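Colleague: Structure supplied as query-v7.txt; contents: compact mmCIF, C-alpha atoms.
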# COMPACT_ATOMS: atom_id res chain seq x y z
CA MET A 1 -18.41 -31.07 -197.27
CA SER A 2 -18.19 -27.87 -195.20
CA GLU A 3 -16.64 -24.61 -196.39
CA ILE A 4 -13.68 -25.14 -194.09
CA ALA A 5 -13.03 -28.66 -195.36
CA LYS A 6 -13.18 -27.46 -198.97
CA LEU A 7 -10.77 -24.61 -198.23
CA LEU A 8 -8.27 -26.93 -196.53
CA GLU A 9 -8.52 -29.41 -199.39
CA ALA A 10 -7.79 -26.61 -201.86
CA LEU A 11 -4.78 -25.51 -199.79
CA ASP A 12 -3.43 -29.06 -199.89
CA GLU A 13 -3.77 -29.15 -203.66
CA LEU A 14 -1.98 -25.82 -204.02
CA ALA A 15 0.80 -26.89 -201.66
CA ALA A 16 1.32 -30.11 -203.64
CA THR A 17 2.09 -28.02 -206.74
CA ARG A 18 4.06 -25.38 -204.79
CA GLN A 19 1.56 -22.63 -205.52
CA ASP A 20 1.00 -19.60 -203.31
CA ALA A 21 -2.45 -18.15 -202.65
CA VAL A 22 -4.13 -15.13 -201.13
CA LEU A 23 -6.58 -15.64 -198.30
CA ALA A 24 -9.35 -13.09 -197.88
CA THR A 25 -10.99 -13.12 -194.43
CA VAL A 26 -13.87 -11.01 -193.18
CA VAL A 27 -12.49 -9.53 -189.94
CA LYS A 28 -15.04 -6.83 -189.09
CA VAL A 29 -18.53 -5.82 -190.14
CA GLU A 30 -20.24 -2.52 -189.42
CA GLY A 31 -23.95 -2.40 -190.12
CA SER A 32 -25.54 -4.93 -192.46
CA ALA A 33 -23.58 -7.53 -194.41
CA TYR A 34 -24.17 -10.98 -195.87
CA ARG A 35 -21.23 -12.76 -194.18
CA ARG A 36 -19.84 -12.37 -190.68
CA PRO A 37 -16.25 -12.24 -189.37
CA GLY A 38 -14.48 -15.51 -190.06
CA ALA A 39 -15.88 -15.98 -193.58
CA ARG A 40 -13.01 -16.87 -195.91
CA MET A 41 -12.22 -16.87 -199.63
CA LEU A 42 -9.13 -18.48 -201.14
CA ILE A 43 -7.71 -16.81 -204.26
CA PRO A 44 -5.10 -18.84 -206.18
CA GLN A 45 -2.85 -17.22 -208.77
CA VAL A 46 -4.28 -19.53 -211.42
CA GLY A 47 -7.83 -20.85 -211.43
CA ALA A 48 -11.09 -19.95 -209.77
CA ALA A 49 -11.44 -18.58 -206.24
CA LEU A 50 -13.04 -20.74 -203.56
CA GLY A 51 -15.43 -19.57 -200.86
CA THR A 52 -17.40 -16.38 -200.32
CA VAL A 53 -17.04 -13.25 -198.20
CA SER A 54 -20.31 -11.64 -199.33
CA GLY A 55 -23.42 -12.51 -201.28
CA GLY A 56 -21.38 -12.53 -204.49
CA CYS A 57 -20.95 -8.75 -204.60
CA LEU A 58 -17.32 -8.32 -203.54
CA GLU A 59 -15.68 -11.53 -204.71
CA GLY A 60 -14.97 -10.33 -208.25
CA ASP A 61 -13.15 -7.21 -207.11
CA LEU A 62 -11.12 -9.17 -204.60
CA ALA A 63 -10.16 -11.83 -207.14
CA ARG A 64 -8.95 -9.12 -209.53
CA LYS A 65 -6.98 -7.07 -207.01
CA ALA A 66 -5.88 -9.37 -204.19
CA TRP A 67 -2.56 -10.30 -205.72
CA TRP A 68 -1.33 -6.78 -206.44
CA LEU A 69 -2.68 -5.50 -203.13
CA THR A 70 -0.47 -8.05 -201.35
CA GLU A 71 2.52 -7.91 -203.70
CA ALA A 72 4.67 -6.41 -200.92
CA GLY A 73 4.12 -9.62 -198.98
CA VAL A 74 2.45 -7.98 -195.99
CA PRO A 75 -1.22 -8.25 -195.00
CA VAL A 76 -3.62 -5.45 -195.90
CA VAL A 77 -7.21 -4.69 -194.96
CA ARG A 78 -9.61 -3.83 -197.77
CA SER A 79 -12.82 -2.08 -196.69
CA TYR A 80 -16.00 -2.04 -198.75
CA SER A 81 -19.04 0.15 -198.24
CA THR A 82 -22.22 -1.64 -199.27
CA GLY A 83 -24.55 1.30 -198.78
CA VAL A 84 -23.17 4.15 -200.91
CA ASP A 85 -23.99 4.45 -204.60
CA SER A 86 -20.86 4.62 -206.70
CA ASP A 87 -21.78 7.98 -208.22
CA GLU A 88 -21.83 9.48 -204.72
CA ALA A 89 -18.69 7.84 -203.40
CA GLY A 90 -16.19 10.53 -204.39
CA GLU A 91 -12.64 9.59 -203.42
CA GLU A 92 -13.83 6.26 -202.06
CA GLU A 93 -15.50 5.20 -205.30
CA GLU A 94 -13.34 2.13 -205.81
CA LEU A 95 -14.45 0.77 -202.44
CA ALA A 96 -18.14 1.59 -202.72
CA PHE A 97 -20.83 -0.77 -203.98
CA GLY A 98 -24.35 0.56 -204.45
CA LEU A 99 -26.05 -2.41 -202.81
CA GLY A 100 -28.25 -0.53 -200.37
CA CYS A 101 -27.18 -2.75 -197.46
CA ASN A 102 -25.88 0.18 -195.39
CA GLY A 103 -22.85 -1.65 -194.09
CA THR A 104 -19.07 -1.75 -194.23
CA VAL A 105 -17.12 -4.96 -194.61
CA HIS A 106 -13.44 -5.09 -193.64
CA ILE A 107 -11.49 -7.91 -195.30
CA LEU A 108 -7.98 -8.99 -194.41
CA LEU A 109 -5.87 -10.06 -197.39
CA GLU A 110 -2.71 -12.08 -196.81
CA ARG A 111 -0.38 -14.28 -198.81
CA ILE A 112 -0.12 -17.97 -198.00
CA ARG A 113 3.31 -19.24 -199.03
CA ALA A 114 3.48 -22.83 -200.24
CA GLY A 115 5.34 -25.02 -197.79
CA GLN A 116 5.34 -22.44 -194.98
CA PRO A 117 3.29 -22.86 -191.78
CA PHE A 118 0.11 -20.81 -191.61
CA LEU A 119 -1.52 -20.66 -188.18
CA PRO A 120 -5.19 -20.27 -189.26
CA ALA A 121 -5.01 -23.35 -191.49
CA GLN A 122 -3.23 -25.33 -188.78
CA LEU A 123 -5.94 -24.48 -186.26
CA LEU A 124 -8.80 -25.27 -188.64
CA ARG A 125 -7.26 -28.69 -189.38
CA GLN A 126 -6.96 -29.38 -185.67
CA VAL A 127 -10.57 -28.41 -185.02
CA LEU A 128 -11.85 -30.72 -187.75
CA SER A 129 -9.68 -33.68 -186.76
CA ALA A 130 -9.88 -33.39 -182.96
CA LYS A 131 -13.50 -32.19 -182.97
CA CYS A 132 -12.61 -29.68 -180.27
CA PRO A 133 -12.76 -25.87 -180.33
CA ALA A 134 -9.88 -23.42 -180.70
CA VAL A 135 -9.55 -19.62 -180.65
CA LEU A 136 -7.58 -17.45 -183.06
CA ALA A 137 -6.67 -13.82 -182.29
CA THR A 138 -5.76 -11.59 -185.25
CA VAL A 139 -4.63 -7.96 -185.19
CA ILE A 140 -7.03 -6.24 -187.61
CA ALA A 141 -6.00 -2.61 -187.01
CA SER A 142 -2.90 -1.12 -185.40
CA GLY A 143 -1.73 2.35 -184.60
CA ALA A 144 0.93 1.05 -182.26
CA THR A 145 4.58 0.64 -183.04
CA ALA A 146 5.92 -2.94 -182.90
CA VAL A 147 2.42 -4.32 -183.56
CA ARG A 148 1.78 -5.28 -187.17
CA LEU A 149 -1.46 -5.92 -188.97
CA GLY A 150 -2.13 -9.65 -189.21
CA GLU A 151 -0.06 -10.67 -186.17
CA ARG A 152 -1.65 -13.57 -184.34
CA ALA A 153 -1.96 -15.63 -181.21
CA ALA A 154 -4.07 -18.71 -180.59
CA VAL A 155 -5.17 -21.38 -178.17
CA ASP A 156 -5.32 -24.70 -180.01
CA THR A 157 -7.55 -27.71 -179.40
CA THR A 158 -5.21 -29.05 -176.71
CA GLY A 159 -5.14 -25.77 -174.81
CA GLU A 160 -1.61 -24.89 -175.94
CA LEU A 161 -0.89 -21.18 -176.46
CA HIS A 162 0.72 -20.08 -179.76
CA VAL A 163 2.08 -16.53 -179.92
CA LEU A 164 3.15 -14.78 -183.12
CA VAL A 165 3.09 -11.30 -181.56
CA GLU A 166 6.21 -9.44 -180.48
CA HIS A 167 4.81 -6.68 -178.24
CA PRO A 168 5.16 -8.05 -174.66
CA SER A 169 2.26 -6.07 -173.20
CA LEU A 170 -0.08 -7.23 -175.96
CA VAL A 171 1.00 -10.86 -175.52
CA ALA A 172 -0.23 -10.87 -171.92
CA LEU A 173 -3.54 -9.26 -172.88
CA LEU A 174 -4.15 -11.67 -175.73
CA SER A 175 -3.36 -14.70 -173.63
CA ALA A 176 -6.02 -13.82 -171.06
CA ASP A 177 -8.66 -12.93 -173.64
CA LEU A 178 -8.05 -16.01 -175.77
CA HIS A 179 -9.04 -18.16 -172.82
CA LYS A 180 -11.99 -15.88 -172.07
CA THR A 181 -13.24 -16.28 -175.65
CA LEU A 182 -12.89 -20.05 -175.37
CA GLY A 183 -15.10 -19.99 -172.28
CA LEU A 184 -17.71 -17.71 -173.86
CA ARG A 185 -17.80 -19.86 -177.03
CA ARG A 186 -18.37 -16.92 -179.35
CA SER A 187 -16.25 -14.57 -181.44
CA ALA A 188 -15.53 -11.03 -180.28
CA ILE A 189 -13.66 -7.87 -181.27
CA GLN A 190 -11.58 -6.10 -178.65
CA GLY A 191 -9.60 -2.88 -178.67
CA TYR A 192 -6.49 -2.25 -176.57
CA ARG A 193 -4.75 1.01 -175.70
CA LEU A 194 -0.99 0.43 -175.59
CA ASP A 195 1.71 2.97 -174.77
CA SER A 196 2.47 3.54 -178.45
CA GLY A 197 -1.09 3.52 -179.79
CA GLU A 198 -4.34 1.59 -180.14
CA VAL A 199 -4.77 -1.93 -181.45
CA GLU A 200 -7.93 -3.79 -182.53
CA VAL A 201 -8.07 -7.59 -182.43
CA LEU A 202 -10.57 -10.15 -183.73
CA PHE A 203 -10.97 -13.12 -181.42
CA GLU A 204 -12.38 -15.86 -183.62
CA TYR A 205 -14.00 -18.80 -181.87
CA LEU A 206 -13.50 -21.87 -184.05
CA PRO A 207 -16.16 -24.41 -183.06
CA PRO A 208 -15.94 -28.10 -183.87
CA PRO A 209 -18.42 -29.52 -186.40
CA ARG A 210 -21.90 -29.82 -184.96
CA LYS A 211 -23.02 -33.31 -184.04
CA LEU A 212 -26.28 -35.00 -184.98
CA VAL A 213 -27.30 -38.38 -183.61
CA VAL A 214 -30.31 -39.97 -185.30
CA PHE A 215 -32.03 -42.80 -183.43
CA GLY A 216 -33.94 -44.56 -186.18
CA ALA A 217 -32.64 -45.66 -189.56
CA GLY A 218 -35.84 -45.55 -191.57
CA HIS A 219 -36.21 -44.05 -195.02
CA ASP A 220 -37.08 -40.62 -193.63
CA ALA A 221 -33.76 -40.49 -191.75
CA GLN A 222 -31.80 -40.64 -195.01
CA PRO A 223 -32.50 -37.11 -196.29
CA LEU A 224 -31.91 -35.72 -192.77
CA VAL A 225 -28.47 -37.32 -192.67
CA SER A 226 -27.68 -36.08 -196.17
CA LEU A 227 -28.79 -32.53 -195.42
CA ALA A 228 -26.82 -32.40 -192.17
CA ARG A 229 -23.67 -33.61 -193.94
CA GLN A 230 -24.09 -30.86 -196.52
CA GLN A 231 -23.77 -28.45 -193.61
CA GLY A 232 -20.54 -30.12 -192.52
CA TRP A 233 -22.05 -31.79 -189.44
CA GLN A 234 -20.77 -35.12 -188.13
CA VAL A 235 -23.65 -37.60 -188.09
CA ALA A 236 -24.26 -40.91 -186.34
CA VAL A 237 -27.23 -43.20 -187.01
CA VAL A 238 -28.43 -45.76 -184.45
CA ASP A 239 -31.07 -48.48 -184.81
CA ALA A 240 -31.81 -51.81 -183.15
CA ARG A 241 -32.89 -53.32 -186.49
CA SER A 242 -29.93 -54.75 -188.38
CA HIS A 243 -31.69 -54.57 -191.74
CA PHE A 244 -32.06 -50.79 -191.29
CA ALA A 245 -28.76 -49.94 -189.61
CA ARG A 246 -26.58 -50.63 -192.64
CA ARG A 247 -23.68 -48.55 -193.95
CA GLU A 248 -24.91 -48.70 -197.54
CA ARG A 249 -28.14 -46.98 -196.51
CA PHE A 250 -26.22 -44.09 -194.92
CA PRO A 251 -22.93 -43.68 -196.80
CA GLU A 252 -22.56 -40.07 -195.64
CA ALA A 253 -22.82 -40.84 -191.91
CA GLU A 254 -19.64 -41.13 -189.87
CA GLN A 255 -21.16 -43.93 -187.79
CA VAL A 256 -23.98 -46.41 -188.41
CA LEU A 257 -24.58 -48.42 -185.25
CA ASN A 258 -26.75 -51.48 -184.74
CA LEU A 259 -27.40 -51.43 -180.96
CA GLN A 260 -29.81 -53.82 -179.30
CA LEU A 261 -32.30 -52.61 -176.72
CA ASP A 262 -31.62 -55.44 -174.25
CA HIS A 263 -27.91 -54.63 -173.95
CA PRO A 264 -26.61 -51.64 -171.93
CA HIS A 265 -24.78 -49.02 -173.95
CA ASP A 266 -22.79 -46.02 -172.76
CA LEU A 267 -24.07 -43.20 -174.99
CA ALA A 268 -22.44 -40.34 -173.09
CA ALA A 269 -19.63 -39.67 -175.57
CA LEU A 270 -21.89 -40.18 -178.57
CA VAL A 271 -24.51 -37.61 -177.58
CA ALA A 272 -22.38 -35.09 -175.67
CA ASP A 273 -23.10 -31.56 -177.02
CA ALA A 274 -25.05 -33.18 -179.87
CA ALA A 275 -28.45 -32.69 -181.39
CA VAL A 276 -30.38 -35.92 -180.85
CA VAL A 277 -33.45 -36.85 -182.86
CA VAL A 278 -35.59 -39.90 -182.14
CA MET A 279 -37.49 -41.11 -185.18
CA SER A 280 -37.48 -44.90 -185.35
CA HIS A 281 -41.29 -45.22 -185.85
CA SER A 282 -41.08 -48.08 -183.33
CA TYR A 283 -42.79 -47.38 -180.04
CA SER A 284 -40.45 -49.60 -178.00
CA GLN A 285 -37.33 -48.18 -179.69
CA ASP A 286 -38.47 -44.58 -179.34
CA ARG A 287 -39.21 -45.04 -175.64
CA HIS A 288 -35.80 -46.64 -175.06
CA TRP A 289 -33.71 -44.15 -177.03
CA LEU A 290 -35.64 -41.10 -175.80
CA GLU A 291 -35.13 -42.13 -172.18
CA GLN A 292 -31.43 -42.74 -172.76
CA ALA A 293 -31.05 -39.34 -174.45
CA LEU A 294 -32.92 -37.53 -171.68
CA ARG A 295 -30.65 -39.07 -169.07
CA GLN A 296 -27.58 -37.76 -170.94
CA GLN A 297 -29.03 -34.27 -171.55
CA PRO A 298 -27.46 -33.43 -174.92
CA ALA A 299 -27.68 -29.96 -176.45
CA TYR A 300 -30.98 -30.70 -178.21
CA ILE A 301 -33.47 -33.58 -178.20
CA GLY A 302 -36.27 -33.89 -180.72
CA GLN A 303 -38.99 -36.54 -180.87
CA LEU A 304 -40.85 -37.21 -184.10
CA GLY A 305 -44.57 -37.87 -183.98
CA PRO A 306 -47.76 -36.49 -182.42
CA ARG A 307 -47.61 -34.69 -179.09
CA SER A 308 -49.92 -37.26 -177.48
CA ARG A 309 -47.60 -40.12 -178.46
CA THR A 310 -44.55 -38.42 -176.96
CA GLU A 311 -46.44 -37.63 -173.76
CA ARG A 312 -47.40 -41.28 -173.52
CA LEU A 313 -43.73 -42.22 -173.95
CA LEU A 314 -42.75 -39.81 -171.19
CA GLY A 315 -45.52 -41.10 -168.95
CA GLU A 316 -44.01 -44.59 -169.00
CA MET A 317 -40.59 -43.39 -167.88
CA ALA A 318 -39.19 -43.07 -164.37
CA PRO A 319 -40.10 -39.85 -162.51
CA ASP A 320 -36.53 -38.53 -162.55
CA VAL A 321 -36.47 -38.75 -166.34
CA ARG A 322 -39.81 -36.98 -166.64
CA SER A 323 -38.65 -34.10 -164.47
CA LEU A 324 -38.84 -30.63 -165.96
CA TYR A 325 -35.06 -30.34 -165.81
CA ALA A 326 -34.54 -33.49 -167.82
CA CYS A 327 -37.19 -32.52 -170.40
CA ALA A 328 -36.19 -28.85 -170.74
CA CYS A 329 -34.39 -29.45 -174.05
CA LEU A 330 -37.00 -31.84 -175.46
CA HIS A 331 -38.75 -30.62 -178.61
CA TYR A 332 -41.94 -32.44 -179.52
CA PRO A 333 -43.25 -32.58 -182.10
CA MET A 334 -39.84 -31.64 -183.41
CA GLY A 335 -39.32 -29.35 -186.39
CA LEU A 336 -40.59 -26.01 -187.65
CA ASP A 337 -44.10 -25.60 -188.99
CA ILE A 338 -43.40 -25.43 -192.73
CA GLY A 339 -46.25 -27.68 -193.81
CA GLY A 340 -44.50 -30.40 -195.83
CA ASP A 341 -44.88 -34.10 -195.09
CA ALA A 342 -42.40 -35.69 -197.54
CA PRO A 343 -39.19 -37.06 -195.95
CA GLU A 344 -37.18 -34.24 -197.52
CA SER A 345 -39.56 -31.63 -196.08
CA VAL A 346 -39.39 -33.23 -192.65
CA ALA A 347 -35.60 -33.19 -192.83
CA LEU A 348 -35.60 -29.50 -193.74
CA SER A 349 -38.03 -28.71 -190.93
CA VAL A 350 -36.03 -30.61 -188.31
CA LEU A 351 -32.60 -29.33 -189.31
CA ALA A 352 -33.92 -25.77 -189.43
CA GLU A 353 -35.22 -26.06 -185.87
CA ILE A 354 -31.95 -27.55 -184.64
CA THR A 355 -29.97 -24.76 -186.30
CA ALA A 356 -32.19 -22.13 -184.73
CA HIS A 357 -31.81 -23.80 -181.33
CA PHE A 358 -28.01 -23.84 -181.55
CA ASN A 359 -27.98 -20.18 -182.63
CA GLY A 360 -30.34 -19.06 -179.90
CA ARG A 361 -33.12 -18.16 -182.34
CA ASP A 362 -36.81 -19.05 -182.33
CA GLY A 363 -37.16 -19.93 -186.03
CA ARG A 364 -39.75 -17.28 -186.84
CA MET A 365 -39.92 -15.51 -190.21
CA LEU A 366 -37.18 -12.89 -190.63
CA LYS A 367 -39.75 -10.29 -191.63
CA GLU A 368 -41.07 -10.47 -188.07
CA ARG A 369 -37.63 -9.89 -186.51
CA GLU A 370 -37.20 -6.34 -185.24
CA ALA A 371 -33.51 -6.71 -184.38
CA PRO A 372 -30.81 -6.97 -187.07
CA ILE A 373 -30.60 -10.34 -188.80
CA HIS A 374 -27.03 -10.89 -187.57
CA ASP A 375 -25.81 -10.28 -184.05
CA CYS A 376 -22.80 -7.97 -183.75
CA GLU A 377 -19.53 -9.35 -182.46
CA PRO A 378 -19.36 -8.16 -178.83
CA ALA A 379 -16.36 -6.69 -177.07
CA LEU A 380 -14.77 -8.85 -174.38
CA HIS A 381 -14.42 -5.87 -172.06
CA GLY A 382 -16.47 -2.71 -171.66
How does the structure come out when it is put into structure tokens?

Modeller:
Amino acid sequence: MSEIAKLLEALDELAATRQDAVLATVVKVEGSAYRRPGARMLIPQVGAALGTVSGGCLEGDLARKAWWLTEAGVPVVRSYSTGVDSDEAGEEEELAFGLGCNGTVHILLERIRAGQPFLPAQLLRQVLSAKCPAVLATVIASGATAVRLGERAAVDTTGELHVLVEHPSLVALLSADLHKTLGLRRSAIQGYRLDSGEVEVLFEYLPPPRKLVVFGAGHDAQPLVSLARQQGWQVAVVDARSHFARRERFPEAEQVLNLQLDHPHDLAALVADAAVVVMSHSYSQDRHWLEQALRQQPAYIGQLGPRSRTERLLGEMAPDVRSLYACACLHYPMGLDIGGDAPESVALSVLAEITAHFNGRDGRMLKEREAPIHDCEPALHG
């Protein structure tokens, strides 16, 4: 179960017993930090907190102080320096952690009232159920009158605009930039200069769960499905062999499909924006499913097996399928070079490569990366 699903489940349990909670959300990071904007931690009045906003360094302080920091009922931003030793922090000692990370983490704290609508939770539920993206805009700093910290606007999964901001000039700006964020498909931080002062807003792109389609229901597909579900991905398994394509073999998959090779199947919706892996260990099945996947051009295609075998498969396909354009997203042999050959190792290798591909990374060792580990949230406008 993903972090988001766990958080929403916990909110449901609290609402059922009429309990309030405090939500801590990373809204801005300067320098190095473990989590990025959008990371969330739920702090109930009774019981353990859920989720993380750091590598375990800040959660204890937040759990202790979140309730009295928000006792006035209005959102507050708590900022933590992760690069200053506490004996050098002076007046800022309570906010300084001697971690040596040389960063500052800004965390929005806000009360969630039982039984009252809460826009972030509503959007997250929509994203998970509709499997479509949404964008949430949150005011994270304000020096302008009539603009309050924590005010929000959003575009939901249906494209409907929700506005919980009163300043008319800011409403127009947010509306345009919400749609721009949706098109860019990445989060951003944007500042605005209004007549009464400056405002800073986090535009949080809320992507749907990633999709994985596994063609081949052999024993080595099982740990791949399990590992992907641990990441919160939605997974479908397809095989032409009925004794392999069985629900009891893949209880964590959303779909287990027994599709025959001699019957036409429309796979467009299944593989759209998905990572597709072909690993049936059957030459005829692999050739069929690989060709079908290449024709649909999903976000990622991986073929298990030696390079020579895949090139033989490609050589038997129609010229239009073998074109460079159609094969541009084909990874073969798929996976990162981590050396293991057990099914669990193969699953780790494949899922790591897919994750790197979706994040625009090359999967090399972090010690070889010259740029910062995490990309900074860009501004929407210069």

Colleague: Mind checking which residues fall within 6 Å of segment 334-342 of chain A, counting all atoms listed in the file, ignoring those fewer than 5 positions away in the same chain, and posting them as an mmCIF file with C-alpha atoms, keeping the file's coordinate frame?

Modeller:
data_model
loop_
_atom_site.group_PDB
_atom_site.id
_atom_site.type_symbol
_atom_site.label_atom_id
_atom_site.label_comp_id
_atom_site.auth_asym_id
_atom_site.auth_seq_id
_atom_site.Cartn_x
_atom_site.Cartn_y
_atom_site.Cartn_z
ATOM 1 C CA GLY A 302 -36.270 -33.890 -180.720
ATOM 2 C CA GLN A 303 -38.990 -36.540 -180.870
ATOM 3 C CA LEU A 304 -40.850 -37.210 -184.100
ATOM 4 C CA SER A 349 -38.030 -28.710 -190.930
ATOM 5 C CA VAL A 350 -36.030 -30.610 -188.310
ATOM 6 C CA GLU A 353 -35.220 -26.060 -185.870
#

Colleague: Smallest atom-to-atom distance to Arg210 of chain A: which of A:Val105, A:Val147, A:Cys132, A:Ala328, using all atoms listed in the file?

Modeller: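 When distances to Arg210 of chain A are compared using all atoms listed in the file, the smallest one comes from A:Cys132.
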
Colleague: Excluding Ala33 of chain A and any residue of its chain fewer than 6 positions from it, enumerate the residues within 8 Å of it, using only C-alpha atoms, and give them as a PyMOL selection string.

Modeller: chain A and resi 54+82+101+103-105

Colleague: What's around segment 212-225 of chain A at 7 Å? Count only C-alpha atoms, leave out sequence neighbours fewer than 5 positions away in its own chain, and write the answer as a tab-separated table (two decimals) with C-alpha atoms, in the frame of the given file.

Modeller:
chain	number	residue	atom	x	y	z
A	233	TRP	CA	-22.05	-31.79	-189.44
A	234	GLN	CA	-20.77	-35.12	-188.13
A	235	VAL	CA	-23.65	-37.60	-188.09
A	236	ALA	CA	-24.26	-40.91	-186.34
A	237	VAL	CA	-27.23	-43.20	-187.01
A	238	VAL	CA	-28.43	-45.76	-184.45
A	239	ASP	CA	-31.07	-48.48	-184.81
A	244	PHE	CA	-32.06	-50.79	-191.29
A	245	ALA	CA	-28.76	-49.94	-189.61
A	250	PHE	CA	-26.22	-44.09	-194.92
A	253	ALA	CA	-22.82	-40.84	-191.91
A	271	VAL	CA	-24.51	-37.61	-177.58
A	274	ALA	CA	-25.05	-33.18	-179.87
A	275	ALA	CA	-28.45	-32.69	-181.39
A	276	VAL	CA	-30.38	-35.92	-180.85
A	277	VAL	CA	-33.45	-36.85	-182.86
A	278	VAL	CA	-35.59	-39.90	-182.14
A	279	MET	CA	-37.49	-41.11	-185.18
A	280	SER	CA	-37.48	-44.90	-185.35
A	289	TRP	CA	-33.71	-44.15	-177.03
A	343	PRO	CA	-39.19	-37.06	-195.95
A	344	GLU	CA	-37.18	-34.24	-197.52
A	347	ALA	CA	-35.60	-33.19	-192.83

Colleague: Hey, which of A:Glu248, A:Asp266, A:Asp286, A:Glu254 ends up closest to Arg229 of chain A? Count only C-alpha atoms.

Modeller: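 For Arg229 of chain A, the nearest of the candidates is A:Glu254.
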
Colleague: When you look at segment 202-206 of chain A with a cut-off of 8 Å (counting all atoms listed in the file), what residues show up, excluding the ones that are within fewer than 2 positions of it in the same chain? I need them as number ranges by chain.

Modeller: A: 27-28, 37-38, 124, 127, 133-140, 178, 181-182, 185-190, 200, 208

Colleague: For atom CA of Gly73 of chain A and atom CA of Ser175 of chain A, quote the distance in Å rounded to one decimal.

Modeller: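 Between atom CA of Gly73 of chain A and atom CA of Ser175 of chain A the gap works out to 26.9 Å.
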
Colleague: Within 12 Å of (-7.5, -31.2, -177.9), all atoms listed in the file: residues as a PyMOL selection string?

Modeller: chain A and resi 123+125-134+155-160+208

Colleague: Within 10 Å of Arg312 of chain A, counting all atoms listed in the file, which residues show up once you throw out same-chain ones fewer than 5 positions away? Write them as a list in words, please.

Modeller: Arg287, Arg307 and Met317 of chain A

Colleague: Which of these, A:Gln296, A:Ser284, A:Thr355, A:Ser308, has the shortest distance to His265 of chain A once you count all atoms listed in the file?

Modeller: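 Selected residue with least distance to His265 of chain A: A:Gln296.
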
Colleague: Record the distance separating atom CA of Ile112 of chain A and atom CA of Ala21 of chain A, expressed in Å with one decimal.

Modeller: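 Distance between the two atoms: 5.2 Å.
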
Colleague: Kindly compute an axis-aligned box around the listed atoms of segment 197-205 of chain A, allowing 8 Å on each side, and express its centre and edge lengths in Å to one decimal as lines of an AutoDock Vina configuration file.

Modeller:
center_x = -7.5
center_y = -7.6
center_z = -181.8
size_x = 28.9
size_y = 38.3
size_z = 19.9

Colleague: Rank nothing, just name the residue among A:Asp61, A:Val256, A:Ala228, A:Cys327 nearest to Ala352 of chain A, using only C-alpha atoms.

Modeller: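 Of A:Asp61, A:Val256, A:Ala228, A:Cys327, the one nearest Ala352 of chain A, counting only C-alpha atoms, is A:Ala228.
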
Colleague: Would you list the residues near (-6.9, -9.1, -199.2), meaning any protein, DNA or RNA residue with an atom at most 10 Å from that point in file coordinates, counting all atoms listed in the file, as a list in words?

Modeller: Val22, Leu23, Ala24, Thr25, Val26, Met41, Leu42, Ile43, Leu62, Ala63, Lys65, Ala66, Trp67, Trp68, Leu69, Thr70, Val74, Pro75, Val76, Val77, Arg78, Ser79, His106, Ile107, Leu108, Leu109, Glu110 and Arg111 of chain A

Colleague: For those residues, write C-alpha atoms to a file as a compact mmCIF listing (two decimals), in the coordinates of the input.

Modeller:
# COMPACT_ATOMS: atom_id res chain seq x y z
CA VAL A 22 -4.13 -15.13 -201.13
CA LEU A 23 -6.58 -15.64 -198.30
CA ALA A 24 -9.35 -13.09 -197.88
CA THR A 25 -10.99 -13.12 -194.43
CA VAL A 26 -13.87 -11.01 -193.18
CA MET A 41 -12.22 -16.87 -199.63
CA LEU A 42 -9.13 -18.48 -201.14
CA ILE A 43 -7.71 -16.81 -204.26
CA LEU A 62 -11.12 -9.17 -204.60
CA ALA A 63 -10.16 -11.83 -207.14
CA LYS A 65 -6.98 -7.07 -207.01
CA ALA A 66 -5.88 -9.37 -204.19
CA TRP A 67 -2.56 -10.30 -205.72
CA TRP A 68 -1.33 -6.78 -206.44
CA LEU A 69 -2.68 -5.50 -203.13
CA THR A 70 -0.47 -8.05 -201.35
CA VAL A 74 2.45 -7.98 -195.99
CA PRO A 75 -1.22 -8.25 -195.00
CA VAL A 76 -3.62 -5.45 -195.90
CA VAL A 77 -7.21 -4.69 -194.96
CA ARG A 78 -9.61 -3.83 -197.77
CA SER A 79 -12.82 -2.08 -196.69
CA HIS A 106 -13.44 -5.09 -193.64
CA ILE A 107 -11.49 -7.91 -195.30
CA LEU A 108 -7.98 -8.99 -194.41
CA LEU A 109 -5.87 -10.06 -197.39
CA GLU A 110 -2.71 -12.08 -196.81
CA ARG A 111 -0.38 -14.28 -198.81

Colleague: Which residue gives the smallest distance to Ala49 of chain A among A:Val29, A:Ser345, A:Pro117, A:Leu11, with all atoms listed in the file counted?

Modeller: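 Once distances to Ala49 of chain A are computed over all atoms listed in the file, the minimum belongs to A:Leu11.
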
Colleague: What does the structure give for the distance between atom CA of Glu151 of chain A and atom CA of Gly191 of chain A, in Å to one decimal?

Modeller: 14.4 Å

Colleague: Counting only C-alpha atoms, which residue out of A:Asn359, A:Ser142, A:Ser169, A:Ser2 sits closest to Pro209 of chain A?

Modeller: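 So, comparing all the options, the nearest one is A:Ser2.
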